[in-house]
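What follows is start.cif (mmCIF, C-alpha atoms).
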```cif
data_protein
#
loop_
_atom_site.label_atom_id
_atom_site.label_comp_id
_atom_site.auth_asym_id
_atom_site.auth_seq_id
_atom_site.Cartn_x
_atom_site.Cartn_y
_atom_site.Cartn_z
CA MET A 1 32.20 -9.87 -20.33
CA GLU A 2 32.49 -13.48 -21.32
CA VAL A 3 30.35 -15.99 -19.44
CA VAL A 4 32.19 -18.90 -17.89
CA ILE A 5 30.69 -22.33 -18.58
CA LEU A 6 31.28 -24.93 -15.88
CA LYS A 7 30.88 -28.64 -16.34
CA GLN A 8 29.11 -30.35 -13.44
CA GLY A 9 28.63 -34.08 -14.04
CA PRO A 10 26.49 -34.50 -17.11
CA TYR A 11 25.41 -30.84 -17.03
CA LEU A 12 26.81 -27.54 -18.20
CA ILE A 13 26.23 -24.53 -15.93
CA ALA A 14 26.53 -20.99 -17.26
CA THR A 15 26.22 -18.35 -14.56
CA ILE A 16 25.71 -14.85 -15.89
CA GLN A 17 27.45 -12.51 -13.45
CA SER A 18 26.56 -9.09 -14.78
CA ALA A 19 24.55 -7.35 -17.49
CA LEU A 20 25.59 -8.65 -20.88
CA ALA A 21 26.05 -6.91 -24.21
CA ASP A 22 24.27 -8.51 -27.16
CA ALA A 23 27.57 -9.84 -28.50
CA ASP A 24 28.30 -11.61 -25.20
CA ILE A 25 24.96 -13.41 -25.27
CA VAL A 26 25.57 -14.54 -28.84
CA GLN A 27 29.00 -15.73 -27.76
CA LEU A 28 27.41 -17.63 -24.85
CA ARG A 29 24.93 -19.24 -27.25
CA ASP A 30 27.66 -20.42 -29.62
CA ALA A 31 29.84 -21.71 -26.79
CA LEU A 32 26.99 -23.63 -25.14
CA VAL A 33 25.77 -25.24 -28.34
CA GLN A 34 29.35 -26.20 -29.13
CA GLN A 35 30.16 -27.60 -25.68
CA VAL A 36 27.00 -29.68 -25.36
CA GLY A 37 28.60 -31.87 -28.03
CA THR A 38 32.17 -31.85 -26.78
CA HIS A 39 31.21 -32.72 -23.17
CA ARG A 40 28.33 -34.98 -24.16
CA ALA A 41 26.19 -33.00 -21.75
CA ARG A 42 22.63 -34.08 -20.92
CA GLY A 43 21.48 -30.75 -19.65
CA VAL A 44 22.28 -27.04 -19.66
CA ILE A 45 21.56 -24.61 -16.81
CA ILE A 46 21.65 -20.87 -17.42
CA ASP A 47 21.66 -18.93 -14.15
CA VAL A 48 20.36 -15.37 -14.51
CA THR A 49 20.03 -14.54 -10.79
CA ALA A 50 22.34 -11.53 -11.14
CA LEU A 51 20.37 -9.89 -13.95
CA ASP A 52 18.14 -6.91 -13.09
CA VAL A 53 16.90 -6.60 -16.66
CA ILE A 54 16.27 -9.20 -19.33
CA ASP A 55 15.45 -7.50 -22.63
CA SER A 56 13.84 -8.86 -25.76
CA PHE A 57 17.14 -9.73 -27.42
CA ALA A 58 18.33 -11.67 -24.39
CA THR A 59 14.97 -13.45 -24.18
CA SER A 60 14.98 -14.48 -27.82
CA THR A 61 18.58 -15.65 -27.57
CA LEU A 62 17.77 -17.69 -24.46
CA ARG A 63 14.91 -19.25 -26.40
CA ASP A 64 17.25 -19.96 -29.34
CA ILE A 65 19.73 -21.60 -26.98
CA ALA A 66 17.03 -23.85 -25.55
CA HIS A 67 15.89 -24.95 -29.00
CA MET A 68 19.41 -25.46 -30.32
CA VAL A 69 20.47 -27.40 -27.24
CA ARG A 70 17.40 -29.62 -27.62
CA LEU A 71 18.40 -30.36 -31.21
CA ARG A 72 21.83 -31.30 -29.88
CA GLY A 73 20.17 -33.81 -27.56
CA ALA A 74 20.16 -32.05 -24.18
CA LYS A 75 17.67 -30.10 -22.05
CA THR A 76 17.89 -26.46 -21.02
CA VAL A 77 16.61 -24.84 -17.86
CA ILE A 78 16.75 -21.12 -17.03
CA VAL A 79 17.12 -20.51 -13.30
CA GLY A 80 16.97 -17.58 -10.89
CA ILE A 81 14.78 -15.04 -12.70
CA GLN A 82 14.05 -12.28 -10.17
CA PRO A 83 10.37 -11.57 -9.32
CA ASP A 84 10.40 -8.05 -10.76
CA VAL A 85 12.24 -9.19 -13.85
CA ALA A 86 9.75 -12.01 -14.36
CA PHE A 87 6.78 -9.64 -14.21
CA ALA A 88 8.44 -7.12 -16.51
CA MET A 89 9.26 -9.84 -19.05
CA VAL A 90 5.72 -11.21 -19.06
CA ARG A 91 4.24 -7.74 -19.41
CA MET A 92 6.38 -7.14 -22.49
CA GLY A 93 5.18 -10.44 -23.92
CA LEU A 94 8.53 -12.18 -23.40
CA GLY A 95 7.14 -15.18 -21.57
CA LEU A 96 9.71 -17.84 -22.58
CA GLU A 97 6.90 -20.19 -23.61
CA GLY A 98 7.84 -23.83 -23.78
CA ILE A 99 11.10 -23.32 -21.91
CA THR A 100 11.60 -24.67 -18.41
CA THR A 101 12.38 -22.15 -15.72
CA THR A 102 13.04 -22.83 -12.05
CA LEU A 103 13.53 -20.76 -8.93
CA ASP A 104 17.24 -21.36 -8.45
CA LEU A 105 20.20 -23.54 -9.33
CA GLU A 106 19.25 -26.27 -6.86
CA GLU A 107 15.78 -26.60 -8.38
CA GLY A 108 17.27 -26.57 -11.85
CA LEU A 109 19.61 -29.45 -11.03
CA ALA A 110 16.74 -31.40 -9.44
CA TYR A 111 14.65 -30.85 -12.56
CA LEU A 112 17.41 -32.07 -14.87
CA ASP A 113 18.04 -35.11 -12.64
CA ARG A 114 14.36 -36.02 -12.89
CA GLU A 115 14.15 -35.40 -16.62
CA THR A 116 17.31 -37.30 -17.56
CA LYS A 117 16.30 -40.25 -15.35
CA ILE A 118 12.94 -40.47 -17.12
CA THR A 119 14.70 -40.44 -20.50
CA ALA A 120 17.17 -43.08 -19.31
CA ASN A 121 14.36 -45.36 -18.13
CA GLN A 122 12.52 -45.19 -21.39
CA MET B 1 3.16 65.53 2.78
CA GLY B 2 1.56 63.69 -0.17
CA LEU B 3 -1.75 61.94 -0.31
CA ALA B 4 -0.14 58.51 -0.39
CA ASP B 5 1.75 59.28 2.82
CA LEU B 6 -1.42 60.34 4.48
CA GLN B 7 -3.19 57.17 3.45
CA GLN B 8 -0.30 55.06 4.64
CA LYS B 9 -0.27 56.86 7.94
CA SER B 10 -3.97 56.39 8.40
CA SER B 11 -3.82 52.67 7.56
CA LYS B 12 -0.89 52.30 9.94
CA SER B 13 -2.82 53.98 12.69
CA THR B 14 -5.79 51.70 11.95
CA SER B 15 -3.61 48.62 12.34
CA ASP B 16 -2.10 50.12 15.48
CA SER B 17 -5.52 50.70 16.94
CA THR B 18 -6.53 47.17 15.91
CA SER B 19 -3.66 45.66 17.87
CA ALA B 20 -4.40 47.96 20.78
CA LEU B 21 -8.01 46.80 20.71
CA LEU B 22 -6.96 43.16 20.45
CA ARG B 23 -4.71 43.62 23.48
CA GLU B 24 -7.60 45.09 25.37
CA LEU B 25 -9.79 42.20 24.22
CA VAL B 26 -7.31 39.60 25.35
CA ALA B 27 -7.00 41.27 28.74
CA HIS B 28 -10.77 41.18 29.04
CA LEU B 29 -10.94 37.52 28.05
CA ALA B 30 -8.14 36.58 30.44
CA GLN B 31 -9.83 38.43 33.30
CA ASN B 32 -13.17 36.73 32.74
CA ARG B 33 -11.68 33.34 32.07
CA ALA B 34 -13.65 31.40 34.67
CA PRO B 35 -17.18 32.70 33.97
CA LEU B 36 -16.74 32.65 30.20
CA ARG B 37 -15.45 29.10 30.31
CA GLU B 38 -18.38 28.08 32.46
CA GLU B 39 -20.78 29.70 30.04
CA TRP B 40 -19.12 27.98 27.10
CA LEU B 41 -19.26 24.58 28.82
CA ARG B 42 -22.91 25.13 29.59
CA ARG B 43 -23.60 25.90 25.94
CA ILE B 44 -21.67 22.79 24.82
CA THR B 45 -23.67 20.56 27.17
CA GLU B 46 -26.90 22.24 26.09
CA ALA B 47 -26.09 21.62 22.41
CA ARG B 48 -25.26 17.97 23.26
CA LEU B 49 -21.83 18.20 21.70
CA LEU B 50 -18.86 16.01 22.67
CA THR B 51 -21.12 13.55 24.46
CA ALA B 52 -18.41 10.92 24.03
CA MET B 53 -16.32 12.71 26.68
CA SER B 54 -16.90 12.72 30.43
CA GLN B 55 -17.55 16.01 32.25
CA ASP B 56 -14.04 16.05 33.71
CA GLU B 57 -12.40 15.41 30.37
CA LEU B 58 -14.59 18.04 28.79
CA PHE B 59 -13.66 20.56 31.49
CA ALA B 60 -9.93 19.91 31.06
CA GLU B 61 -10.12 20.12 27.28
CA ALA B 62 -12.30 23.20 27.36
CA THR B 63 -9.82 24.96 29.63
CA SER B 64 -6.89 24.28 27.35
CA VAL B 65 -8.88 25.11 24.21
CA TYR B 66 -9.94 28.38 25.81
CA ASP B 67 -6.37 29.26 26.77
CA SER B 68 -5.01 28.35 23.34
CA TYR B 69 -7.76 30.39 21.74
CA VAL B 70 -6.98 33.48 23.79
CA LYS B 71 -3.28 32.92 23.23
CA ALA B 72 -3.80 32.78 19.46
CA LEU B 73 -5.76 36.05 19.60
CA GLU B 74 -3.03 37.60 21.71
CA THR B 75 0.00 36.55 19.69
CA ARG B 76 -1.90 36.70 16.38
CA THR B 77 0.03 33.64 15.20
CA LEU B 78 -1.64 30.34 14.50
CA GLU B 79 1.31 27.91 14.64
CA ALA B 80 0.95 27.05 18.32
CA LEU B 81 -2.80 26.66 17.89
CA GLN B 82 -2.29 24.48 14.82
CA ALA B 83 -0.02 22.15 16.77
CA TYR B 84 -2.50 22.12 19.65
CA ALA B 85 -5.42 21.39 17.29
CA GLN B 86 -3.56 18.46 15.77
CA ASN B 87 -2.67 17.10 19.18
CA LEU B 88 -6.27 17.50 20.35
CA SER B 89 -7.58 15.77 17.23
CA GLU B 90 -5.22 12.83 17.74
CA ARG B 91 -6.61 12.38 21.24
CA ILE B 92 -10.32 12.83 20.57
CA ILE B 93 -10.76 11.14 17.18
CA PRO B 94 -10.40 7.67 18.73
CA LEU B 95 -13.24 8.65 21.12
CA GLY B 96 -15.53 8.94 18.11
CA VAL B 97 -15.79 12.73 18.03
CA GLU B 98 -17.37 13.95 14.81
CA THR B 99 -16.38 16.90 12.64
CA HIS B 100 -19.59 18.82 13.36
CA GLU B 101 -18.88 18.62 17.10
CA ILE B 102 -15.45 20.17 16.81
CA VAL B 103 -16.65 22.91 14.46
CA GLY B 104 -19.66 23.37 16.76
CA ILE B 105 -17.68 23.91 19.96
CA VAL B 106 -15.23 26.30 18.33
CA LEU B 107 -18.09 28.36 16.91
CA LEU B 108 -19.83 28.29 20.30
CA LEU B 109 -16.70 29.65 21.96
CA ARG B 110 -16.56 32.36 19.33
CA ASP B 111 -20.18 33.28 20.05
CA VAL B 112 -19.75 33.21 23.83
CA LEU B 113 -16.78 35.54 23.62
CA ALA B 114 -18.53 37.82 21.13
CA ARG B 115 -21.47 38.13 23.51
CA SER B 116 -19.25 39.03 26.41
CA LEU B 117 -17.68 41.72 24.25
CA PHE B 118 -21.11 42.94 23.33
CA ALA B 119 -22.10 43.13 26.98
CA LYS B 120 -18.96 45.08 27.78
CA TYR B 121 -19.04 47.58 24.92
CA HIS B 122 -22.72 47.92 24.07
CA THR B 123 -22.90 51.42 25.50
CA ASP B 124 -20.54 52.75 22.83
CA SER B 125 -21.70 51.46 19.48
CA GLU B 126 -18.83 53.05 17.55
CA LEU B 127 -16.20 51.43 19.77
CA MET B 128 -18.23 48.23 19.62
CA ASN B 129 -17.94 48.20 15.82
CA ARG B 130 -14.19 48.66 15.97
CA VAL B 131 -13.84 45.95 18.61
CA LEU B 132 -15.80 43.53 16.44
CA ASP B 133 -13.72 44.53 13.39
CA ALA B 134 -10.65 43.49 15.32
CA TYR B 135 -12.17 40.42 16.93
CA GLU B 136 -14.02 38.79 14.03
CA PRO B 137 -11.19 38.14 11.54
CA ALA B 138 -8.95 36.82 14.31
CA ALA B 139 -11.69 34.61 15.75
CA ASN B 140 -12.62 33.29 12.31
CA ALA B 141 -9.00 32.44 11.56
CA VAL B 142 -8.81 30.55 14.85
CA ALA B 143 -12.04 28.65 14.17
CA LEU B 144 -10.85 27.77 10.69
CA THR B 145 -7.48 26.55 11.95
CA VAL B 146 -8.99 24.22 14.54
CA SER B 147 -11.58 22.79 12.12
CA VAL B 148 -9.12 22.29 9.28
CA GLY B 149 -6.64 20.73 11.71
CA PHE B 150 -9.28 18.25 12.81
CA VAL B 151 -10.32 17.33 9.27
CA GLN B 152 -6.71 16.92 8.17
CA GLU B 153 -6.02 14.63 11.08
CA ARG B 154 -9.07 12.54 10.19
CA GLU B 155 -7.95 12.29 6.59
CA ARG B 156 -4.48 11.25 7.67
CA ILE B 157 -5.97 8.47 9.80
CA ILE B 158 -8.20 7.35 6.94
CA ARG B 159 -5.23 7.19 4.57
CA GLU B 160 -3.23 5.16 7.09
CA GLN B 161 -6.12 2.76 7.59
CA GLN B 162 -6.59 2.31 3.85
CA ALA B 163 -2.94 1.42 3.51
CA SER B 164 -3.14 -1.12 6.31
CA ILE B 165 -6.32 -2.66 4.88
CA ARG B 166 -4.54 -3.09 1.57
CA GLU B 167 -1.65 -4.80 3.32
CA LEU B 168 -3.92 -7.09 5.30
CA SER B 169 -6.21 -8.04 2.49
CA THR B 170 -3.65 -9.96 0.47
CA PRO B 171 -1.95 -12.49 2.71
CA VAL B 172 0.26 -15.08 1.06
CA LEU B 173 -0.11 -18.23 3.14
CA GLN B 174 2.05 -21.30 3.22
CA VAL B 175 -0.18 -24.38 3.40
CA ARG B 176 2.51 -27.02 3.17
CA GLU B 177 6.17 -27.13 2.36
CA ARG B 178 6.44 -25.52 -1.09
CA LEU B 179 2.73 -24.85 -1.42
CA LEU B 180 1.37 -21.32 -1.16
CA LEU B 181 -2.24 -20.21 -0.91
CA LEU B 182 -3.36 -16.77 -1.98
CA PRO B 183 -7.00 -16.18 -1.06
CA ILE B 184 -8.34 -13.05 -2.73
CA LEU B 185 -11.41 -11.39 -1.28
CA GLY B 186 -13.36 -8.35 -2.32
CA LEU B 187 -12.78 -5.84 -5.02
CA ILE B 188 -9.60 -5.92 -7.07
CA ASP B 189 -8.47 -2.61 -8.49
CA PRO B 190 -5.37 -2.25 -10.65
CA HIS B 191 -3.37 -0.94 -7.69
CA ARG B 192 -4.26 -3.92 -5.53
CA ALA B 193 -3.67 -6.32 -8.40
CA ARG B 194 -0.13 -5.00 -8.83
CA GLN B 195 0.55 -5.22 -5.12
CA LEU B 196 -0.82 -8.75 -5.02
CA THR B 197 1.46 -9.89 -7.81
CA GLY B 198 4.47 -8.38 -6.11
CA GLN B 199 3.66 -10.08 -2.81
CA LEU B 200 3.04 -13.43 -4.48
CA LEU B 201 6.27 -13.37 -6.51
CA ARG B 202 8.32 -12.35 -3.49
CA GLY B 203 6.53 -15.04 -1.47
CA ILE B 204 7.44 -17.69 -4.04
CA ARG B 205 11.07 -16.64 -3.83
CA ALA B 206 11.12 -16.52 -0.03
CA THR B 207 9.45 -19.89 0.57
CA ARG B 208 10.79 -21.62 -2.56
CA ALA B 209 7.24 -22.58 -3.45
CA LYS B 210 6.61 -24.93 -6.36
CA VAL B 211 2.84 -24.66 -6.49
CA VAL B 212 0.57 -21.71 -5.77
CA VAL B 213 -3.19 -21.90 -5.36
CA ILE B 214 -4.94 -18.60 -6.05
CA ASP B 215 -8.48 -18.77 -4.73
CA ILE B 216 -10.80 -16.14 -6.17
CA THR B 217 -14.09 -17.46 -4.76
CA GLY B 218 -14.47 -14.17 -2.89
CA VAL B 219 -14.08 -12.04 -6.01
CA ALA B 220 -17.44 -11.17 -7.51
CA ALA B 221 -16.34 -9.43 -10.67
CA MET B 222 -13.19 -8.85 -12.60
CA ASP B 223 -12.59 -6.30 -15.32
CA THR B 224 -10.47 -6.84 -18.39
CA ASN B 225 -7.40 -5.18 -16.90
CA VAL B 226 -7.43 -7.28 -13.78
CA ALA B 227 -8.11 -10.47 -15.73
CA ASN B 228 -5.14 -9.72 -17.95
CA HIS B 229 -3.11 -9.00 -14.87
CA LEU B 230 -4.04 -12.41 -13.44
CA VAL B 231 -2.79 -14.08 -16.60
CA LEU B 232 0.47 -12.10 -16.35
CA THR B 233 0.85 -13.13 -12.72
CA VAL B 234 0.45 -16.80 -13.60
CA GLU B 235 3.07 -16.43 -16.33
CA SER B 236 5.50 -14.58 -14.04
CA ALA B 237 5.13 -17.26 -11.40
CA ARG B 238 5.98 -19.86 -14.02
CA LEU B 239 9.21 -18.01 -14.79
CA LEU B 240 10.09 -18.40 -11.12
CA GLY B 241 9.50 -22.12 -11.47
CA ALA B 242 6.14 -22.22 -9.68
CA ARG B 243 2.90 -23.59 -11.09
CA VAL B 244 -0.29 -21.71 -10.42
CA ILE B 245 -3.69 -23.23 -9.88
CA VAL B 246 -6.61 -20.82 -9.94
CA THR B 247 -9.70 -21.95 -8.05
CA GLY B 248 -13.22 -20.68 -7.49
CA LEU B 249 -13.82 -18.82 -10.73
CA SER B 250 -17.36 -17.50 -10.73
CA PRO B 251 -19.46 -17.79 -13.90
CA GLU B 252 -19.10 -14.03 -14.49
CA ILE B 253 -15.32 -14.16 -14.28
CA ALA B 254 -15.21 -17.21 -16.53
CA GLN B 255 -17.19 -15.21 -19.08
CA THR B 256 -14.89 -12.22 -18.76
CA LEU B 257 -11.81 -14.36 -19.25
CA VAL B 258 -13.25 -15.96 -22.36
CA ASN B 259 -14.54 -12.68 -23.78
CA ILE B 260 -11.17 -10.97 -23.52
CA GLY B 261 -9.58 -13.96 -25.20
CA ALA B 262 -7.19 -14.57 -22.33
CA ASP B 263 -4.92 -17.48 -23.13
CA LEU B 264 -6.59 -19.92 -20.78
CA GLY B 265 -4.32 -22.76 -21.82
CA LYS B 266 -1.69 -21.32 -19.52
CA ILE B 267 -3.98 -21.16 -16.52
CA ASN B 268 -4.64 -24.33 -14.62
CA THR B 269 -8.11 -23.94 -13.13
CA VAL B 270 -9.88 -26.18 -10.65
CA GLY B 271 -13.47 -25.74 -9.51
CA ASP B 272 -13.06 -25.11 -5.81
CA LEU B 273 -10.38 -24.58 -3.21
CA GLN B 274 -10.49 -28.19 -1.99
CA GLY B 275 -9.94 -29.48 -5.50
CA GLY B 276 -7.15 -26.95 -5.98
CA ILE B 277 -5.30 -28.05 -2.85
CA GLU B 278 -5.71 -31.72 -3.81
CA GLU B 279 -4.35 -31.01 -7.27
CA ALA B 280 -1.43 -29.10 -5.74
CA GLU B 281 -0.66 -31.98 -3.39
CA ARG B 282 -0.71 -34.33 -6.32
CA LEU B 283 1.75 -32.11 -8.22
CA LEU B 284 4.03 -31.98 -5.18
CA GLY B 285 3.80 -35.75 -4.66
CA TYR B 286 1.92 -35.60 -1.35
CA LYS B 287 -0.58 -38.27 -0.53
CA VAL B 288 -3.11 -37.60 2.20
CA VAL B 289 -4.20 -40.75 3.98
CA PRO B 290 -6.60 -40.89 6.93
CA THR B 291 -4.88 -42.10 10.10
CA THR B 292 -8.01 -43.60 11.70
CA ILE B 293 -7.37 -47.08 10.29
CA GLU B 294 -3.88 -47.24 11.80
CA ALA B 295 -5.06 -45.76 15.07
CA GLN B 296 -7.49 -48.60 15.68
CA PRO B 297 -5.98 -51.38 17.82
CA GLY B 298 -5.46 -54.76 16.30
#
```

Is it possible to give me this structure as structure tokens?
Amino acid sequence: MEVVILKQGPYLIATIQSALADADIVQLRDALVQQVGTHRARGVIIDVTALDVIDSFATSTLRDIAHMVRLRGAKTVIVGIQPDVAFAMVRMGLGLEGITTTLDLEEGLAYLDRETKITANQ
Amino acid sequence: MGLADLQQKSSKSTSDSTSALLRELVAHLAQNRAPLREEWLRRITEARLLTAMSQDELFAEATSVYDSYVKALETRTLEALQAYAQNLSERIIPLGVETHEIVGIVLLLRDVLARSLFAKYHTDSELMNRVLDAYEPAANAVALTVSVGFVQERERIIREQQASIRELSTPVLQVRERLLLLPILGLIDPHRARQLTGQLLRGIRATRAKVVVIDITGVAAMDTNVANHLVLTVESARLLGARVIVTGLSPEIAQTLVNIGADLGKINTVGDLQGGIEEAERLLGYKVVPTTIEAQPG
């Protein structure tokens, strides 16, 4: 199932609705990296609230997205990881080091607002 | 008629005579209910058993135990007695009745009844033997049922209490908007560590906490597993967008954490709980100012 990417002001929001096949995640990665440029986005939010499982491939792809998006000049935040999923990921050593995660979409937007304001002031 | 038939017949007649004897026994016990019960109560008081109960309570319980006992001998089924024993245990365990008391009174009843049988049948030693053959297994089964029922009930209560202690011992407290405090006291075993993590992560989600202070001042020692688990908990909380501050690490725990090579860079540690809360307030943008200056007139 393809993930819909919504544009919200200077941000792109990708809400994952159901478990994804590897190909879908790769497709999401390509689309996001592409659209950061076309929409001149400052930030990317990936909402994983609906996911019961986040495996190693998904984790590494999320990490790739964050790094690629940074190279394209925007920030990435992963939002809505469920408590059980979080613990399972960490136990498997998939800790998403160096990538910002927040509780939910609202927090993610607040984080990006703060971050982009700091960058703008500099 | 073959030998086997003969044997079968004889064993059948033995069991018939056993039930006949038991019937006779029960009739005897029912007839002498009042004096035997009195005798039993006297023996209980003499042995200083069930001192937690008043005389009236003891009398009422003794009467129903006696009746259930005789009933179990009569019907030769233990289900009703089992249910009664459980019910009795539920009532008397909160009074502080000990296992030896329950076993003691049941054995006393067994002895009192055996003596009354002895008094009745002592003239005919052969009949006496047969009566005891019938009485003893049944009486032992009854004694066993009551004692086991009591112990099982105790164990059930202990299990329940353990579960509730576990629940109580890991409260997740909200100190301020978006600030949680998790004070950990006592021994942490792997089971409790898992439960603690679950409660904390759910707490973060429920209260939308941004900072969590885990205070482990009350934890004397931590093994490698639990230390690793703590690191995992801190990481998991980060994935939920919350920062964790660990306070009150004892020298022993600090040593453990370093010896296992736990990645301490990920754990934000502050010396004591006060420092931890201050750090958390700073992270959340709170500023605590004393009001006394404003309160003064002028």

Just want the 12 Å neighbourhood of segment 82-95 of chain A, counted on only C-alpha atoms, with same-chain residues fewer than 4 positions away dropped. Output as a ChimeraX atom specification.
/A:47-63,78,99-104 /B:194-206,228-242,266

How would you write, as a PyMOL selection string, the residues chosen by the PyMOL selection byres ((chain B and resi 141) around 12) on this structure?
chain B and resi 69+72-73+76-79+81-82+106-107+110+134-140+142-149

Spatial sel., origin (-18.2, 28.7, 30.5), limit 10 Å, all atoms listed in the file, listed as an MDAnalysis selection string:
chainID B and resid 32:44 59 62:63 66 109 112:113

Interatomic distance, atom CA of Leu187 of chain B to atom CA of Ile277 of chain B (Å, one decimal)
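Atom-to-atom, atom CA of Leu187 of chain B and atom CA of Ile277 of chain B are spaced 23.5 Å apart.
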
Using atom CA of Leu180 of chain B and atom CA of Gly276 of chain B as the two end points, give the distance in Å to one decimal.
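A separation of 11.3 Å between them.
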
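Nearest residue to Gly186 of chain B, choosing from B:Ile214, B:Met222, B:Val270, B:Val172 and counting all atoms listed in the file: B:Met222.
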
Taking 3 positions as the minimum chain separation for residues in the same chain, which residues sit within 6 Å of segment 38-43 of chain A when counting only C-alpha atoms? Answer as a ChimeraX atom specification.
/A:10-11,35,74-76

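Our summary of the geometry notes that atom CA of His28 of chain B is positioned 18.4 Å from atom CA of Glu126 of chain B.
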
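Of the listed residues A:Val77, A:Met1, A:Ala66, A:Val36, the one whose atoms come nearest to Gly108 of chain A is A:Val77, with distances taken using all atoms listed in the file.
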
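If you measure from each of B:Leu185, B:Met128, B:Leu108, B:Val211 to chain A using all atoms listed in the file, the closest one turns out to be B:Val211.
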
Residues matched by the PyMOL selection byres ((chain B and resi 251) around 12) as a PyMOL selection string:
chain B and resi 216-217+219-222+248-250+252-258+271

Could you save the residues just selected, with C-alpha atoms, as a PDB file, in the coordinates of the input?
```
ATOM      1  CA  ILE B 216     -10.800 -16.140  -6.170  1.00  0.00           C
ATOM      2  CA  THR B 217     -14.090 -17.460  -4.760  1.00  0.00           C
ATOM      3  CA  VAL B 219     -14.080 -12.040  -6.010  1.00  0.00           C
ATOM      4  CA  ALA B 220     -17.440 -11.170  -7.510  1.00  0.00           C
ATOM      5  CA  ALA B 221     -16.340  -9.430 -10.670  1.00  0.00           C
ATOM      6  CA  MET B 222     -13.190  -8.850 -12.600  1.00  0.00           C
ATOM      7  CA  GLY B 248     -13.220 -20.680  -7.490  1.00  0.00           C
ATOM      8  CA  LEU B 249     -13.820 -18.820 -10.730  1.00  0.00           C
ATOM      9  CA  SER B 250     -17.360 -17.500 -10.730  1.00  0.00           C
ATOM     10  CA  GLU B 252     -19.100 -14.030 -14.490  1.00  0.00           C
ATOM     11  CA  ILE B 253     -15.320 -14.160 -14.280  1.00  0.00           C
ATOM     12  CA  ALA B 254     -15.210 -17.210 -16.530  1.00  0.00           C
ATOM     13  CA  GLN B 255     -17.190 -15.210 -19.080  1.00  0.00           C
ATOM     14  CA  THR B 256     -14.890 -12.220 -18.760  1.00  0.00           C
ATOM     15  CA  LEU B 257     -11.810 -14.360 -19.250  1.00  0.00           C
ATOM     16  CA  VAL B 258     -13.250 -15.960 -22.360  1.00  0.00           C
ATOM     17  CA  GLY B 271     -13.470 -25.740  -9.510  1.00  0.00           C
TER      18      GLY B 271
END
```
